[in-house]
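K.L.:
Before we start, here is the structure in question, set down as structure tokens.
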Amino acid sequence: MIVNVASRCGYTPQYKQLQELYEHFQDKLVIIGIPSNDFGGQEPGTHQEIMAFCSTKYDVSFLLSEKVAIKPPHTHPLYEWLTQKSLNGVMDSTVRWNFHKYLIDENGQFVTTYPSSVSPIDEVILEWVQQ
């Protein structure tokens, strides 16, 4: 699962759910949090500040990348792949806000995407992880 994250967002408590999901399924699920300041300026900190926040507030132990740009014109290549059917072979999508989730299978194939409003522990995600 790839999810763009932010420390000052209404969805920030999803860090707790992401950590719970990771702890329960870490033998079969990799979670990569991708900090970005592109949505409402809600991730203004440095990498060190972001890491400190995540570890002290939410005990995050899943992977966190460096902060990247998701919106054009400086879209990170990963997000170009995630959002363009011509690259991922499945669908076009738009990241509209923080905590947008992408599911990628064990072979690196794009599966689907879920908006911020879908909890990391929503039944649809739990079913996918448990397949």
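Following the order of the structure tokens, first chain is A, next is B, and so on, with residues numbered from 1 inside each chain and ligands from 1 in the order they appear.
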Set the distance at 12 Å and use only C-alpha atoms: which residues neighbour A:Pro72 once local chain neighbours fewer than 3 positions away are removed? I'd like the list as an MDAnalysis selection string.

P.N.:
chainID A and resid 38 68:69 75:77 79:80 83 94:95

K.L.:
Please provide as a list of chain:residue names all residues within 7 Å of stretch 50-66 of chain A, with the sequence filter that same-chain residues fewer than 2 positions apart are discarded (counting only C-alpha atoms).

P.N.:
A:Tyr15, A:Lys16, A:Gln19, A:Tyr22, A:Ile31, A:Ile32, A:Gly33, A:Ile34, A:Pro35, A:Gly45, A:Thr46, A:His47, A:Gln48, A:Val68

K.L.:
Could you pull out the strand (DSSP E) residues of chain A, going by DSSP on the backbone, and write them as a PDB file with N, CA and C atoms, in the first residue's frame?

P.N.:
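The result, stored in selection_20.pdb:
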```pdb
ATOM      1  N   ILE A   2       0.563   2.151  -0.870  1.00  0.00           N
ATOM      2  CA  ILE A   2       1.246   3.438  -0.925  1.00  0.00           C
ATOM      3  C   ILE A   2       0.217   4.491  -0.546  1.00  0.00           C
ATOM      4  N   VAL A   3       0.564   5.348   0.394  1.00  0.00           N
ATOM      5  CA  VAL A   3      -0.375   6.357   0.868  1.00  0.00           C
ATOM      6  C   VAL A   3       0.361   7.670   1.103  1.00  0.00           C
ATOM      7  N   ASN A   4      -0.178   8.758   0.537  1.00  0.00           N
ATOM      8  CA  ASN A   4       0.428  10.057   0.798  1.00  0.00           C
ATOM      9  C   ASN A   4      -0.047  10.544   2.164  1.00  0.00           C
ATOM     10  N   VAL A   5       0.887  11.024   2.957  1.00  0.00           N
ATOM     11  CA  VAL A   5       0.603  11.349   4.349  1.00  0.00           C
ATOM     12  C   VAL A   5       0.938  12.804   4.660  1.00  0.00           C
ATOM     13  N   ILE A  32       3.980   1.982   2.551  1.00  0.00           N
ATOM     14  CA  ILE A  32       4.939   3.066   2.347  1.00  0.00           C
ATOM     15  C   ILE A  32       4.178   4.375   2.440  1.00  0.00           C
ATOM     16  N   GLY A  33       4.498   5.159   3.464  1.00  0.00           N
ATOM     17  CA  GLY A  33       3.928   6.488   3.619  1.00  0.00           C
ATOM     18  C   GLY A  33       4.776   7.479   2.844  1.00  0.00           C
ATOM     19  N   ILE A  34       4.113   8.307   2.048  1.00  0.00           N
ATOM     20  CA  ILE A  34       4.807   9.281   1.212  1.00  0.00           C
ATOM     21  C   ILE A  34       4.393  10.690   1.663  1.00  0.00           C
ATOM     22  N   PRO A  35       5.200  11.343   2.498  1.00  0.00           N
ATOM     23  CA  PRO A  35       4.855  12.710   2.907  1.00  0.00           C
ATOM     24  C   PRO A  35       4.839  13.658   1.709  1.00  0.00           C
ATOM     25  N   LEU A  63       7.349   1.959   6.552  1.00  0.00           N
ATOM     26  CA  LEU A  63       8.273   2.804   5.800  1.00  0.00           C
ATOM     27  C   LEU A  63       7.701   4.192   5.526  1.00  0.00           C
ATOM     28  N   LEU A  64       8.558   5.190   5.667  1.00  0.00           N
ATOM     29  CA  LEU A  64       8.217   6.562   5.297  1.00  0.00           C
ATOM     30  C   LEU A  64       9.302   7.083   4.365  1.00  0.00           C
ATOM     31  N   LYS A 101      -4.990   6.281  -0.880  1.00  0.00           N
ATOM     32  CA  LYS A 101      -4.333   4.966  -0.839  1.00  0.00           C
ATOM     33  C   LYS A 101      -4.283   4.291  -2.207  1.00  0.00           C
ATOM     34  N   TYR A 102      -3.138   3.671  -2.489  1.00  0.00           N
ATOM     35  CA  TYR A 102      -2.969   2.865  -3.695  1.00  0.00           C
ATOM     36  C   TYR A 102      -2.583   1.460  -3.279  1.00  0.00           C
ATOM     37  N   LEU A 103      -3.258   0.478  -3.853  1.00  0.00           N
ATOM     38  CA  LEU A 103      -2.923  -0.921  -3.590  1.00  0.00           C
ATOM     39  C   LEU A 103      -2.142  -1.470  -4.772  1.00  0.00           C
ATOM     40  N   ILE A 104      -0.999  -2.043  -4.452  1.00  0.00           N
ATOM     41  CA  ILE A 104      -0.099  -2.627  -5.435  1.00  0.00           C
ATOM     42  C   ILE A 104       0.108  -4.078  -5.008  1.00  0.00           C
ATOM     43  N   PHE A 110      -0.317  -2.539 -10.329  1.00  0.00           N
ATOM     44  CA  PHE A 110      -1.350  -1.642  -9.809  1.00  0.00           C
ATOM     45  C   PHE A 110      -2.649  -2.432  -9.661  1.00  0.00           C
ATOM     46  N   VAL A 111      -3.298  -2.328  -8.513  1.00  0.00           N
ATOM     47  CA  VAL A 111      -4.565  -3.027  -8.288  1.00  0.00           C
ATOM     48  C   VAL A 111      -5.719  -2.037  -8.307  1.00  0.00           C
ATOM     49  N   THR A 112      -5.710  -1.082  -7.381  1.00  0.00           N
ATOM     50  CA  THR A 112      -6.775  -0.087  -7.312  1.00  0.00           C
ATOM     51  C   THR A 112      -6.352   1.046  -6.396  1.00  0.00           C
ATOM     52  N   THR A 113      -7.241   1.984  -6.219  1.00  0.00           N
ATOM     53  CA  THR A 113      -6.980   3.153  -5.391  1.00  0.00           C
ATOM     54  C   THR A 113      -8.214   3.488  -4.561  1.00  0.00           C
ATOM     55  N   TYR A 114      -7.987   4.087  -3.402  1.00  0.00           N
ATOM     56  CA  TYR A 114      -9.077   4.500  -2.517  1.00  0.00           C
ATOM     57  C   TYR A 114      -8.810   5.914  -2.019  1.00  0.00           C
TER      58      TYR A 114
END
```

K.L.:
I need the residues of stretch 46-76 of chain A that end up classed as alpha helix (DSSP H) by DSSP on the backbone, written out as a PyMOL selection string.

P.N.:
chain A and resi 47-58

K.L.:
Looking at A:Asn98, A:Glu123, A:His24, A:Pro73, which one is nearest to A:Thr12, with distances taken over only C-alpha atoms?

P.N.:
A:Asn98

K.L.:
Using only C-alpha atoms, pick whichever of A:Ser36, A:Asn107, A:His100, A:Leu21 has the shortest atom-to-atom distance to A:Glu127.

P.N.:
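Nearest candidate to A:Glu127 out of A:Ser36, A:Asn107, A:His100, A:Leu21: A:Leu21.
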
K.L.:
Return the single residue from A:Leu87, A:Glu43, A:Arg8, A:Met1 that is closest to A:Gln26, with distances computed using only C-alpha atoms.

P.N.:
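Looking at the shortest contact to A:Gln26, the residue is A:Met1.
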
K.L.:
Quick one: residues within 8 Å of A:Gln14, only C-alpha atoms counted, chain neighbours fewer than 6 positions away excluded, as a PyMOL selection string?

P.N.:
chain A and resi 99+119-120

K.L.:
Any chance you could export the current selection's C-alpha atoms as a short mmCIF file (atom, residue, chain, number, x, y, z; two decimals), in the first residue's frame?

P.N.:
```
data_model
loop_
_atom_site.label_atom_id
_atom_site.label_comp_id
_atom_site.auth_asym_id
_atom_site.auth_seq_id
_atom_site.Cartn_x
_atom_site.Cartn_y
_atom_site.Cartn_z
CA PHE A 99 -4.10 9.86 2.86
CA SER A 119 -10.08 4.03 6.30
CA PRO A 120 -6.93 1.90 6.06
#
```
